[in-house]
file work17.pdb (PDB, C-alpha atoms)
ATOM      1  CA  MET A  20      27.228-193.819  -1.345
ATOM      2  CA  ALA A  21      26.087-190.880  -3.447
ATOM      3  CA  VAL A  22      28.478-187.985  -4.004
ATOM      4  CA  LYS A  23      27.844-185.167  -1.482
ATOM      5  CA  ILE A  24      29.517-181.799  -2.036
ATOM      6  CA  TYR A  25      30.569-179.893   1.081
ATOM      7  CA  ASP A  26      28.078-177.088   1.697
ATOM      8  CA  ASP A  27      30.774-174.482   2.316
ATOM      9  CA  LEU A  28      32.572-175.447  -0.906
ATOM     10  CA  LEU A  29      29.336-175.268  -2.899
ATOM     11  CA  ARG A  30      28.467-171.842  -1.486
ATOM     12  CA  ALA A  31      31.976-170.530  -2.052
ATOM     13  CA  LEU A  32      32.051-171.801  -5.629
ATOM     14  CA  LEU A  33      28.688-170.291  -6.533
ATOM     15  CA  ASP A  34      29.756-166.954  -5.029
ATOM     16  CA  GLY A  35      32.105-166.617  -7.991
ATOM     17  CA  LYS A  36      31.105-164.544 -11.016
ATOM     18  CA  LYS A  37      33.839-165.159 -13.591
ATOM     19  CA  PHE A  38      35.226-168.693 -13.861
ATOM     20  CA  LEU A  39      38.259-170.170 -15.593
ATOM     21  CA  ILE A  40      38.204-173.968 -15.798
ATOM     22  CA  PHE A  41      41.101-176.377 -16.396
ATOM     23  CA  THR A  42      41.399-180.098 -16.981
ATOM     24  CA  HIS A  43      44.264-182.490 -17.715
ATOM     25  CA  VAL A  44      46.534-182.778 -20.732
ATOM     26  CA  ARG A  45      45.329-185.116 -23.505
ATOM     27  CA  PRO A  46      41.736-184.780 -22.233
ATOM     28  CA  ASP A  47      39.510-187.849 -22.322
ATOM     29  CA  GLY A  48      35.727-188.025 -22.207
ATOM     30  CA  ASP A  49      35.460-187.338 -18.490
ATOM     31  CA  ALA A  50      37.835-184.382 -18.707
ATOM     32  CA  ILE A  51      35.754-182.925 -21.560
ATOM     33  CA  GLY A  52      32.438-183.733 -19.901
ATOM     34  CA  SER A  53      33.328-182.307 -16.500
ATOM     35  CA  ALA A  54      35.094-179.181 -17.785
ATOM     36  CA  PHE A  55      32.555-178.197 -20.440
ATOM     37  CA  GLY A  56      29.656-179.486 -18.326
ATOM     38  CA  LEU A  57      30.729-177.190 -15.498
ATOM     39  CA  ARG A  58      31.163-174.332 -17.979
ATOM     40  CA  SER A  59      27.667-174.924 -19.345
ATOM     41  CA  PHE A  60      26.131-175.138 -15.856
ATOM     42  CA  LEU A  61      27.758-171.882 -14.782
ATOM     43  CA  ARG A  62      26.687-170.132 -17.992
ATOM     44  CA  ASP A  63      23.151-171.395 -17.347
ATOM     45  CA  GLN A  64      23.313-169.329 -14.146
ATOM     46  CA  GLY A  65      24.343-166.201 -16.035
ATOM     47  CA  LYS A  66      27.978-166.380 -14.978
ATOM     48  CA  VAL A  67      31.043-165.884 -17.140
ATOM     49  CA  ALA A  68      32.803-169.229 -17.610
ATOM     50  CA  ASP A  69      35.580-170.352 -19.934
ATOM     51  CA  VAL A  70      37.637-173.526 -20.394
ATOM     52  CA  VAL A  71      41.358-173.429 -21.147
ATOM     53  CA  LEU A  72      42.487-176.128 -23.582
ATOM     54  CA  PRO A  73      45.952-175.461 -25.015
ATOM     55  CA  ASP A  74      45.440-178.170 -27.669
ATOM     56  CA  ASP A  75      42.456-179.340 -29.695
ATOM     57  CA  PRO A  76      40.418-182.051 -27.949
ATOM     58  CA  PRO A  77      39.802-185.422 -29.644
ATOM     59  CA  ALA A  78      37.662-184.967 -32.749
ATOM     60  CA  ARG A  79      34.790-187.120 -31.480
ATOM     61  CA  TYR A  80      34.037-184.587 -28.739
ATOM     62  CA  ALA A  81      33.533-181.657 -31.103
ATOM     63  CA  LYS A  82      29.925-182.794 -31.531
ATOM     64  CA  LEU A  83      29.369-182.308 -27.797
ATOM     65  CA  GLY A  84      30.069-178.595 -28.020
ATOM     66  CA  THR A  85      33.712-177.952 -27.169
ATOM     67  CA  GLU A  86      33.847-174.843 -29.331
ATOM     68  CA  ASP A  87      35.404-171.558 -28.206
ATOM     69  CA  ALA A  88      37.769-173.110 -25.664
ATOM     70  CA  LEU A  89      40.658-170.765 -24.904
ATOM     71  CA  ARG A  90      44.273-171.572 -25.766
ATOM     72  CA  ASN A  91      45.383-169.275 -22.966
ATOM     73  CA  ALA A  92      43.769-166.680 -20.752
ATOM     74  CA  ASP A  93      44.328-163.415 -18.924
ATOM     75  CA  VAL A  94      43.797-164.554 -15.333
ATOM     76  CA  SER A  95      43.065-160.975 -14.202
ATOM     77  CA  ARG A  96      39.691-161.238 -15.979
ATOM     78  CA  TYR A  97      38.494-164.027 -13.646
ATOM     79  CA  ASP A  98      37.775-164.359  -9.932
ATOM     80  CA  THR A  99      37.392-168.141  -9.609
ATOM     81  CA  PHE A 100      39.545-170.998 -10.950
ATOM     82  CA  VAL A 101      38.551-174.665 -11.080
ATOM     83  CA  ALA A 102      40.533-177.796 -11.989
ATOM     84  CA  VAL A 103      38.463-180.877 -12.841
ATOM     85  CA  ASP A 104      39.632-184.473 -13.298
ATOM     86  CA  CYS A 105      43.263-183.543 -12.535
ATOM     87  CA  ALA A 106      45.204-185.912 -10.280
ATOM     88  CA  VAL A 107      48.531-184.052 -10.271
ATOM     89  CA  ARG A 108      49.490-180.440 -10.924
ATOM     90  CA  SER A 109      52.042-181.331 -13.561
ATOM     91  CA  ARG A 110      49.238-182.663 -15.784
ATOM     92  CA  ILE A 111      46.918-179.673 -15.534
ATOM     93  CA  ALA A 112      46.615-178.180 -19.009
ATOM     94  CA  ASP A 113      46.377-174.584 -17.822
ATOM     95  CA  ALA A 114      48.841-172.914 -20.237
ATOM     96  CA  GLY A 115      50.633-171.509 -17.197
ATOM     97  CA  CYS A 116      47.538-169.770 -15.804
ATOM     98  CA  LEU A 117      47.814-171.148 -12.257
ATOM     99  CA  ALA A 118      51.398-169.956 -11.994
ATOM    100  CA  ARG A 119      50.198-166.430 -12.793
ATOM    101  CA  LEU A 120      47.660-166.287  -9.973
ATOM    102  CA  PRO A 121      48.602-163.869  -7.183
ATOM    103  CA  ASP A 122      47.260-166.489  -4.735
ATOM    104  CA  GLU A 123      45.104-169.620  -4.803
ATOM    105  CA  SER A 124      42.406-168.534  -2.358
ATOM    106  CA  ARG A 125      39.781-168.953  -5.106
ATOM    107  CA  PHE A 126      41.209-172.120  -6.670
ATOM    108  CA  PHE A 127      38.954-175.210  -6.531
ATOM    109  CA  ASP A 128      40.016-178.821  -7.172
ATOM    110  CA  LEU A 129      37.223-181.277  -8.107
ATOM    111  CA  ASP A 130      38.481-184.798  -8.738
ATOM    112  CA  HIS A 131      37.914-188.541  -8.243
ATOM    113  CA  HIS A 132      41.467-189.998  -8.390
ATOM    114  CA  PHE A 133      42.535-191.564  -5.103
ATOM    115  CA  THR A 134      46.127-190.602  -5.988
ATOM    116  CA  ASN A 135      45.186-186.895  -6.198
ATOM    117  CA  SER A 136      47.969-184.582  -5.013
ATOM    118  CA  VAL A 137      46.774-181.222  -6.389
ATOM    119  CA  LYS A 138      45.969-179.908  -2.893
ATOM    120  CA  ALA A 139      44.129-176.664  -3.492
ATOM    121  CA  PRO A 140      44.792-174.611  -0.327
ATOM    122  CA  ARG A 141      41.148-173.997   0.642
ATOM    123  CA  PHE A 142      38.778-175.805  -1.683
ATOM    124  CA  ASP A 143      39.858-179.373  -2.369
ATOM    125  CA  PHE A 144      37.137-181.934  -3.135
ATOM    126  CA  VAL A 145      38.337-185.446  -4.006
ATOM    127  CA  ASP A 146      35.943-188.387  -3.915
ATOM    128  CA  PRO A 147      37.602-191.633  -5.073
ATOM    129  CA  LYS A 148      34.255-193.415  -4.836
ATOM    130  CA  ALA A 149      32.805-191.223  -7.576
ATOM    131  CA  SER A 150      32.785-192.823 -11.002
ATOM    132  CA  SER A 151      34.095-189.677 -12.645
ATOM    133  CA  ALA A 152      34.712-185.973 -12.254
ATOM    134  CA  SER A 153      31.565-185.501 -14.325
ATOM    135  CA  GLU A 154      29.535-187.270 -11.627
ATOM    136  CA  ILE A 155      30.979-184.859  -9.069
ATOM    137  CA  VAL A 156      29.988-181.844 -11.181
ATOM    138  CA  ALA A 157      26.533-183.366 -11.719
ATOM    139  CA  ALA A 158      26.145-183.796  -7.958
ATOM    140  CA  LEU A 159      27.167-180.162  -7.518
ATOM    141  CA  ALA A 160      24.596-179.047 -10.089
ATOM    142  CA  PHE A 161      21.729-181.012  -8.546
ATOM    143  CA  GLN A 162      22.728-180.136  -4.984
ATOM    144  CA  SER A 163      22.676-176.440  -5.859
ATOM    145  CA  GLY A 164      18.978-176.659  -6.664
ATOM    146  CA  LEU A 165      19.540-174.363  -9.653
ATOM    147  CA  PRO A 166      18.044-175.148 -13.074
ATOM    148  CA  PHE A 167      20.324-176.165 -15.918
ATOM    149  CA  SER A 168      20.026-176.866 -19.619
ATOM    150  CA  PRO A 169      19.799-180.181 -21.502
ATOM    151  CA  ARG A 170      23.210-179.278 -22.971
ATOM    152  CA  THR A 171      24.701-179.338 -19.461
ATOM    153  CA  ALA A 172      23.029-182.693 -18.804
ATOM    154  CA  ASP A 173      24.410-184.072 -22.097
ATOM    155  CA  LEU A 174      27.986-183.107 -21.266
ATOM    156  CA  LEU A 175      27.897-184.499 -17.735
ATOM    157  CA  LEU A 176      26.294-187.767 -18.807
ATOM    158  CA  ALA A 177      28.852-188.097 -21.610
ATOM    159  CA  GLY A 178      31.681-187.796 -19.079
ATOM    160  CA  MET A 179      30.117-190.423 -16.835
ATOM    161  CA  MET A 180      29.532-192.766 -19.770
ATOM    162  CA  THR A 181      33.125-192.640 -20.988
ATOM    163  CA  ASP A 182      34.729-193.174 -17.577
ATOM    164  CA  THR A 183      32.442-196.124 -16.830
ATOM    165  CA  GLY A 184      32.891-197.646 -20.295
ATOM    166  CA  GLY A 185      29.224-197.140 -21.075
ATOM    167  CA  PHE A 186      28.339-198.304 -17.536
ATOM    168  CA  LYS A 187      30.261-201.567 -17.979
ATOM    169  CA  PHE A 188      33.198-201.025 -15.608
ATOM    170  CA  SER A 189      33.390-201.785 -11.893
ATOM    171  CA  ASN A 190      32.988-198.098 -10.990
ATOM    172  CA  THR A 191      29.341-198.374 -12.101
ATOM    173  CA  THR A 192      27.227-198.465  -8.944
ATOM    174  CA  GLY A 193      23.568-198.008  -8.190
ATOM    175  CA  ASP A 194      24.278-194.387  -7.268
ATOM    176  CA  VAL A 195      26.010-193.860 -10.619
ATOM    177  CA  LEU A 196      23.008-195.234 -12.511
ATOM    178  CA  ARG A 197      20.631-193.143 -10.420
ATOM    179  CA  MET A 198      22.652-190.031 -11.256
ATOM    180  CA  ALA A 199      22.567-190.995 -14.938
ATOM    181  CA  ALA A 200      18.788-191.354 -14.709
ATOM    182  CA  LYS A 201      18.501-187.881 -13.184
ATOM    183  CA  LEU A 202      20.548-186.438 -16.052
ATOM    184  CA  LEU A 203      18.285-188.182 -18.559
ATOM    185  CA  ASP A 204      15.305-186.681 -16.779
ATOM    186  CA  ALA A 205      17.057-183.300 -17.019
ATOM    187  CA  GLY A 206      17.161-183.576 -20.799
ATOM    188  CA  ALA A 207      20.266-185.575 -21.724
ATOM    189  CA  GLU A 208      19.805-187.512 -24.992
ATOM    190  CA  LEU A 209      21.117-191.051 -24.540
ATOM    191  CA  GLU A 210      20.912-192.205 -28.164
ATOM    192  CA  LYS A 211      22.745-189.115 -29.411
ATOM    193  CA  LEU A 212      25.489-189.571 -26.828
ATOM    194  CA  VAL A 213      25.910-193.290 -27.531
ATOM    195  CA  ASN A 214      26.329-192.567 -31.241
ATOM    196  CA  ILE A 215      28.876-189.801 -30.625
ATOM    197  CA  LEU A 216      30.894-191.674 -28.016
ATOM    198  CA  PHE A 217      30.786-195.276 -29.186
ATOM    199  CA  PHE A 218      29.549-195.442 -32.792
ATOM    200  CA  SER A 219      31.484-192.750 -34.628
ATOM    201  CA  LYS A 220      34.887-194.306 -35.257
ATOM    202  CA  SER A 221      36.662-192.957 -38.338
ATOM    203  CA  GLU A 222      37.829-195.224 -41.148
ATOM    204  CA  LYS A 223      41.365-194.028 -40.400
ATOM    205  CA  GLN A 224      41.105-195.265 -36.813
ATOM    206  CA  LEU A 225      39.569-198.565 -37.874
ATOM    207  CA  ARG A 226      42.460-199.310 -40.251
ATOM    208  CA  PHE A 227      44.977-198.247 -37.591
ATOM    209  CA  GLU A 228      43.390-200.612 -35.060
ATOM    210  CA  SER A 229      43.268-203.489 -37.527
ATOM    211  CA  GLU A 230      47.034-203.297 -37.994
ATOM    212  CA  LEU A 231      47.703-202.759 -34.282
ATOM    213  CA  ILE A 232      45.938-206.062 -33.584
ATOM    214  CA  ASN A 233      48.723-207.853 -35.437
ATOM    215  CA  HIS A 234      51.221-206.459 -32.915
ATOM    216  CA  ILE A 235      49.432-207.605 -29.747
ATOM    217  CA  ARG A 236      51.547-209.827 -27.509
ATOM    218  CA  ILE A 237      49.810-212.343 -25.226
ATOM    219  CA  LEU A 238      51.974-213.399 -22.275
ATOM    220  CA  CYS A 239      51.773-214.993 -18.826
ATOM    221  CA  GLY A 240      49.614-217.886 -19.952
ATOM    222  CA  GLY A 241      47.119-215.524 -21.583
ATOM    223  CA  LYS A 242      46.667-213.261 -18.559
ATOM    224  CA  PHE A 243      48.622-210.282 -19.913
ATOM    225  CA  ALA A 244      48.198-208.530 -23.256
ATOM    226  CA  CYS A 245      50.344-205.660 -24.455
ATOM    227  CA  ALA A 246      50.978-203.707 -27.634
ATOM    228  CA  TYR A 247      53.331-200.948 -28.719
ATOM    229  CA  ILE A 248      52.048-198.082 -30.848
ATOM    230  CA  SER A 249      55.158-197.197 -32.834
ATOM    231  CA  PRO A 250      55.757-193.802 -34.472
ATOM    232  CA  GLU A 251      55.889-195.634 -37.803
ATOM    233  CA  LEU A 252      52.410-197.104 -37.305
ATOM    234  CA  LEU A 253      51.012-193.692 -36.379
ATOM    235  CA  ALA A 254      52.585-192.110 -39.440
ATOM    236  CA  LYS A 255      51.388-194.856 -41.792
ATOM    237  CA  HIS A 256      47.766-194.248 -40.841
ATOM    238  CA  ASP A 257      48.081-190.517 -40.135
ATOM    239  CA  PHE A 258      46.655-191.273 -36.690
ATOM    240  CA  SER A 259      46.981-189.016 -33.647
ATOM    241  CA  LEU A 260      47.472-190.341 -30.137
ATOM    242  CA  LYS A 261      44.955-187.830 -28.829
ATOM    243  CA  GLU A 262      42.323-190.024 -30.549
ATOM    244  CA  ASP A 263      43.458-193.236 -28.816
ATOM    245  CA  GLU A 264      40.861-193.293 -26.028
ATOM    246  CA  GLY A 265      39.284-196.746 -25.877
ATOM    247  CA  ILE A 266      41.885-198.499 -28.024
ATOM    248  CA  ILE A 267      43.223-200.353 -24.996
ATOM    249  CA  ASP A 268      39.803-202.025 -24.764
ATOM    250  CA  ILE A 269      40.790-204.118 -27.792
ATOM    251  CA  LEU A 270      43.386-205.778 -25.568
ATOM    252  CA  ARG A 271      41.193-205.824 -22.487
ATOM    253  CA  GLY A 272      38.445-207.531 -24.489
ATOM    254  CA  ILE A 273      40.512-210.661 -25.143
ATOM    255  CA  ASP A 274      39.155-213.679 -23.283
ATOM    256  CA  GLY A 275      41.432-214.701 -20.406
ATOM    257  CA  VAL A 276      43.361-211.441 -20.294
ATOM    258  CA  ILE A 277      43.415-209.901 -16.823
ATOM    259  CA  ILE A 278      45.758-206.952 -17.364
ATOM    260  CA  ALA A 279      46.208-205.022 -20.603
ATOM    261  CA  MET A 280      48.945-202.532 -21.434
ATOM    262  CA  LEU A 281      49.260-200.089 -24.317
ATOM    263  CA  VAL A 282      52.605-198.355 -24.860
ATOM    264  CA  HIS A 283      53.691-195.422 -26.977
ATOM    265  CA  ARG A 284      56.779-193.276 -27.201
ATOM    266  CA  ALA A 285      56.821-190.006 -25.254
ATOM    267  CA  ALA A 286      59.285-187.140 -25.126
ATOM    268  CA  ASP A 287      60.817-188.445 -21.888
ATOM    269  CA  GLY A 288      60.562-192.196 -22.469
ATOM    270  CA  PHE A 289      57.593-194.494 -22.973
ATOM    271  CA  LYS A 290      54.046-193.817 -21.785
ATOM    272  CA  ILE A 291      52.167-196.865 -20.537
ATOM    273  CA  SER A 292      48.417-197.219 -20.042
ATOM    274  CA  LEU A 293      47.267-200.105 -17.868
ATOM    275  CA  ARG A 294      43.845-201.690 -17.343
ATOM    276  CA  SER A 295      42.732-204.582 -15.141
ATOM    277  CA  LYS A 296      39.611-206.724 -15.359
ATOM    278  CA  ASP A 297      39.969-208.241 -11.881
ATOM    279  CA  PRO A 298      39.960-206.195  -8.628
ATOM    280  CA  ARG A 299      42.314-208.761  -7.094
ATOM    281  CA  TYR A 300      44.961-207.497  -9.505
ATOM    282  CA  PRO A 301      44.931-203.681  -9.426
ATOM    283  CA  VAL A 302      47.267-201.787 -11.738
ATOM    284  CA  SER A 303      47.703-198.586  -9.720
ATOM    285  CA  PRO A 304      50.617-200.087  -7.702
ATOM    286  CA  ILE A 305      52.451-200.777 -10.973
ATOM    287  CA  ALA A 306      51.934-197.210 -12.177
ATOM    288  CA  SER A 307      52.888-195.783  -8.776
ATOM    289  CA  HIS A 308      56.135-197.754  -8.862
ATOM    290  CA  PHE A 309      57.183-195.583 -11.800
ATOM    291  CA  GLY A 310      55.828-192.317 -10.393
ATOM    292  CA  GLY A 311      52.495-192.542 -12.220
ATOM    293  CA  GLY A 312      48.961-192.777 -10.916
ATOM    294  CA  GLY A 313      45.297-193.091 -11.709
ATOM    295  CA  HIS A 314      42.740-195.570 -10.393
ATOM    296  CA  LEU A 315      42.984-199.084  -9.007
ATOM    297  CA  MET A 316      41.797-200.624 -12.277
ATOM    298  CA  ALA A 317      43.054-197.993 -14.737
ATOM    299  CA  ALA A 318      46.374-196.221 -14.389
ATOM    300  CA  GLY A 319      49.364-194.941 -16.298
ATOM    301  CA  ALA A 320      52.976-193.841 -16.024
ATOM    302  CA  THR A 321      56.006-192.815 -18.047
ATOM    303  CA  LEU A 322      59.112-195.014 -18.028
ATOM    304  CA  ALA A 323      62.516-193.581 -18.910
ATOM    305  CA  LEU A 324      63.763-196.682 -20.723
ATOM    306  CA  PRO A 325      65.464-197.162 -24.100
ATOM    307  CA  ASP A 326      62.894-199.274 -25.963
ATOM    308  CA  PHE A 327      59.653-201.247 -25.784
ATOM    309  CA  PRO A 328      61.271-204.614 -24.892
ATOM    310  CA  ALA A 329      62.823-202.948 -21.836
ATOM    311  CA  VAL A 330      59.436-201.529 -20.848
ATOM    312  CA  GLU A 331      57.762-204.903 -21.266
ATOM    313  CA  ALA A 332      60.446-206.615 -19.180
ATOM    314  CA  GLU A 333      60.037-204.130 -16.309
ATOM    315  CA  ILE A 334      56.258-204.483 -16.256
ATOM    316  CA  LEU A 335      56.418-208.281 -16.323
ATOM    317  CA  LYS A 336      58.423-208.171 -13.091
ATOM    318  CA  LEU A 337      55.599-206.303 -11.356
ATOM    319  CA  LEU A 338      52.497-208.123 -12.572
ATOM    320  CA  PRO A 339      50.581-209.169  -9.444
ATOM    321  CA  PHE A 340      49.533-212.607 -10.731
ATOM    322  CA  GLN A 341      53.191-213.402 -11.348
ATOM    323  CA  LYS A 342      53.499-213.429  -7.569
ATOM    324  CA  LYS A 343      50.120-214.861  -6.638
ATOM    325  CA  GLY A 344      49.961-217.606  -9.229
TER     326      GLY A 344
END

call {"tool": "encode", "arguments": {"input": "work17.pdb", "output": "structure tokens"}}
result
Amino acid sequence: MAVKIYDDLLRALLDGKKFLIFTHVRPDGDAIGSAFGLRSFLRDQGKVADVVLPDDPPARYAKLGTEDALRNADVSRYDTFVAVDCAVRSRIADAGCLARLPDESRFFDLDHHFTNSVKAPRFDFVDPKASSASEIVAALAFQSGLPFSPRTADLLLAGMMTDTGGFKFSNTTGDVLRMAAKLLDAGAELEKLVNILFFSKSEKQLRFESELINHIRILCGGKFACAYISPELLAKHDFSLKEDEGIIDILRGIDGVIIAMLVHRAADGFKISLRSKDPRYPVSPIASHFGGGGHLMAAGATLALPDFPAVEAEILKLLPFQKKG
């Protein structure tokens, strides 16, 4: 079913004049696409719109037009605040802006995670059937009936492409492809986006990945693949974790693997990213067990454990095919 924005939410949003937009920490393609796509759409309408990004986004997205994002903002200069692609408040990269609001009567939450717990008091729109937050923003743009630029179409299509794996993942539906077609008709440039998103890997990343491959562990009769990105490996290749989007697909791409896990050290333990290739074996229950979240087939969590072997041991206990055979 196609995404349908509530009429009262759409009217209330477009009543705003000065917008401040947030997305999640360590933004991925959908976070970038939905946040900057919404900014571009609102600017197309002559409104003031800014995105707060406390840290630089991944380098590959600079070519999409992520310039002049704000590190922080004076919330008194804005009348409307929007979080996109944020499942939980603790992961909103807002540089403390939401905490400085006198109230949240003009705070909007646009998201597609079924585990969403942001709960904006008045304007909360969460559609787990949407492929991406970018699809939700695209639906909003088309439903408004207002014209928008090819740049807006580029950003929104880019977000949809990254969260569907280039329209390869199970969240790709007929409605998703129809929305993509509408964005192409609105001026999005497919070849340019494909080159930016999928064919612009740096030599540094390629050499990092080639060594990571040697550390992949294949367990459970070939059904589970995992790898640990150590601080030493990152330092050796001068590689930043903010550029790691898509690396887990190396593990997911192995024939016979059903669930893939990538692990790296975090300040409070070890961050795990999980992906499944079979809807019978969702990974969101595993992530939820450790207080994480995400989607049925793609989820993550942080485990407060001493080392990678301990993390691996805990995850092995919870793998669904361990129970189902």

call {"tool": "residues_near_point", "arguments": {"input": "work17.pdb", "point": "(32.6, -184.7, -32.3)", "cutoff": "12 Å", "atoms": "only C-alpha atoms", "output": "ChimeraX atom specification"}}
result
/A:48,51,75-86,177,211-221,262

call {"tool": "residues_around", "arguments": {"input": "work17.pdb", "residues": "segment 235-241 of chain A", "least_positions_apart": "5", "cutoff": "7 Å", "atoms": "all atoms listed in the file", "output": "list of chain:residue names"}}
result
A:Ala246, A:Gly275, A:Val276

call {"tool": "resolve_selection", "arguments": {"input": "work17.pdb", "expression": "the PyMOL selection byres ((chain A and resi 150) around 7)", "output": "tab-separated table (two decimals) with C-alpha atoms, in the frame of the given file"}}
result
chain	number	residue	atom	x	y	z
A	148	LYS	CA	34.26	-193.42	-4.84
A	149	ALA	CA	32.80	-191.22	-7.58
A	151	SER	CA	34.10	-189.68	-12.64
A	154	GLU	CA	29.54	-187.27	-11.63
A	179	MET	CA	30.12	-190.42	-16.84
A	182	ASP	CA	34.73	-193.17	-17.58
A	183	THR	CA	32.44	-196.12	-16.83
A	190	ASN	CA	32.99	-198.10	-10.99
A	191	THR	CA	29.34	-198.37	-12.10
A	195	VAL	CA	26.01	-193.86	-10.62

call {"tool": "residues_around", "arguments": {"input": "work17.pdb", "residues": "Asp122 of chain A", "least_positions_apart": "3", "cutoff": "12 Å", "atoms": "only C-alpha atoms", "output": "list in words"}}
result
Val94, Ser95, Asp98, Thr99, Phe100, Cys116, Leu117, Ala118, Arg119, Arg125, Phe126, Ala139, Pro140 and Arg141 of chain A

call {"tool": "resolve_selection", "arguments": {"input": "work17.pdb", "expression": "the PyMOL selection byres ((chain A and resi 290-296) around 6)", "output": "PyMOL selection string"}}
result
chain A and resi 277-283+285+289+297+316-321

call {"tool": "write_last_selection", "arguments": {"input": "work17.pdb", "atoms": "C-alpha atoms", "output": "PDB file, in the coordinates of the input"}}
result
ATOM      1  CA  ILE A 277      43.415-209.901 -16.823  1.00  0.00           C
ATOM      2  CA  ILE A 278      45.758-206.952 -17.364  1.00  0.00           C
ATOM      3  CA  ALA A 279      46.208-205.022 -20.603  1.00  0.00           C
ATOM      4  CA  MET A 280      48.945-202.532 -21.434  1.00  0.00           C
ATOM      5  CA  LEU A 281      49.260-200.089 -24.317  1.00  0.00           C
ATOM      6  CA  VAL A 282      52.605-198.355 -24.860  1.00  0.00           C
ATOM      7  CA  HIS A 283      53.691-195.422 -26.977  1.00  0.00           C
ATOM      8  CA  ALA A 285      56.821-190.006 -25.254  1.00  0.00           C
ATOM      9  CA  PHE A 289      57.593-194.494 -22.973  1.00  0.00           C
ATOM     10  CA  ASP A 297      39.969-208.241 -11.881  1.00  0.00           C
ATOM     11  CA  MET A 316      41.797-200.624 -12.277  1.00  0.00           C
ATOM     12  CA  ALA A 317      43.054-197.993 -14.737  1.00  0.00           C
ATOM     13  CA  ALA A 318      46.374-196.221 -14.389  1.00  0.00           C
ATOM     14  CA  GLY A 319      49.364-194.941 -16.298  1.00  0.00           C
ATOM     15  CA  ALA A 320      52.976-193.841 -16.024  1.00  0.00           C
ATOM     16  CA  THR A 321      56.006-192.815 -18.047  1.00  0.00           C
TER      17      THR A 321
END

call {"tool": "residues_around", "arguments": {"input": "work17.pdb", "residues": "Ile305 of chain A", "least_positions_apart": "6", "cutoff": "8 Å", "atoms": "all atoms listed in the file", "output": "list of chain:residue names"}}
result
A:Ile334, A:Leu337, A:Leu338

call {"tool": "residues_around", "arguments": {"input": "work17.pdb", "residues": "segment 111-113 of chain A", "least_positions_apart": "2", "cutoff": "6 Å", "atoms": "only C-alpha atoms", "output": "list of chain:residue names"}}
result
A:Phe41, A:Thr42, A:His43, A:Val44, A:Arg108, A:Ser109, A:Gly115, A:Cys116

call {"tool": "closest_residue", "arguments": {"input": "work17.pdb", "among": "A:Leu209, A:Leu252, A:Leu260, A:Leu33", "to": "Arg226 of chain A", "atoms": "all atoms listed in the file"}}
result
A:Leu252

call {"tool": "atom_distance", "arguments": {"input": "work17.pdb", "atom1": "atom CA of Ile269 of chain A", "atom2": "atom CA of Ala50 of chain A"}}
result
21.9 Å

call {"tool": "residues_near_point", "arguments": {"input": "work17.pdb", "point": "(49.8, -197.6, -39.3)", "cutoff": "8 Å", "atoms": "only C-alpha atoms", "output": "list in words"}}
result
Arg226, Phe227, Glu230, Leu231, Glu251, Leu252, Leu253, Ala254, Lys255, His256, Asp257 and Phe258 of chain A

call {"tool": "atom_distance", "arguments": {"input": "work17.pdb", "atom1": "atom CA of Met198 of chain A", "atom2": "atom CA of Gly35 of chain A"}}
result
25.5 Å

call {"tool": "atom_distance", "arguments": {"input": "work17.pdb", "atom1": "atom CA of Ala152 of chain A", "atom2": "atom CA of Asp128 of chain A"}}
result
10.3 Å

call {"tool": "build_atoms", "arguments": {"input": "work17.pdb", "residues": "segment 141-150 of chain A", "atoms": "N, CA and C atoms", "output": "mmCIF file, in the frame of the given file"}}
result
data_model
loop_
_atom_site.group_PDB
_atom_site.id
_atom_site.type_symbol
_atom_site.label_atom_id
_atom_site.label_comp_id
_atom_site.auth_asym_id
_atom_site.auth_seq_id
_atom_site.Cartn_x
_atom_site.Cartn_y
_atom_site.Cartn_z
ATOM 1 N N ARG A 141 42.385 -174.142 -0.121
ATOM 2 C CA ARG A 141 41.148 -173.997 0.642
ATOM 3 C C ARG A 141 40.034 -174.918 0.170
ATOM 4 N N PHE A 142 39.942 -175.107 -1.129
ATOM 5 C CA PHE A 142 38.778 -175.805 -1.683
ATOM 6 C C PHE A 142 39.220 -177.024 -2.483
ATOM 7 N N ASP A 143 39.382 -178.129 -1.773
ATOM 8 C CA ASP A 143 39.858 -179.373 -2.369
ATOM 9 C C ASP A 143 38.775 -180.423 -2.170
ATOM 10 N N PHE A 144 38.151 -180.895 -3.255
ATOM 11 C CA PHE A 144 37.137 -181.934 -3.135
ATOM 12 C C PHE A 144 37.543 -183.120 -3.985
ATOM 13 N N VAL A 145 37.916 -184.220 -3.324
ATOM 14 C CA VAL A 145 38.337 -185.446 -4.006
ATOM 15 C C VAL A 145 37.513 -186.594 -3.446
ATOM 16 N N ASP A 146 36.769 -187.247 -4.325
ATOM 17 C CA ASP A 146 35.943 -188.387 -3.915
ATOM 18 C C ASP A 146 36.295 -189.595 -4.779
ATOM 19 N N PRO A 147 37.189 -190.466 -4.289
ATOM 20 C CA PRO A 147 37.602 -191.633 -5.073
ATOM 21 C C PRO A 147 36.475 -192.618 -5.342
ATOM 22 N N LYS A 148 35.377 -192.503 -4.603
ATOM 23 C CA LYS A 148 34.255 -193.415 -4.836
ATOM 24 C C LYS A 148 33.361 -192.946 -5.983
ATOM 25 N N ALA A 149 33.566 -191.723 -6.432
ATOM 26 C CA ALA A 149 32.805 -191.223 -7.576
ATOM 27 C C ALA A 149 33.301 -191.906 -8.841
ATOM 28 N N SER A 150 32.407 -192.157 -9.757
ATOM 29 C CA SER A 150 32.785 -192.823 -11.002
ATOM 30 C C SER A 150 33.649 -191.934 -11.874
#
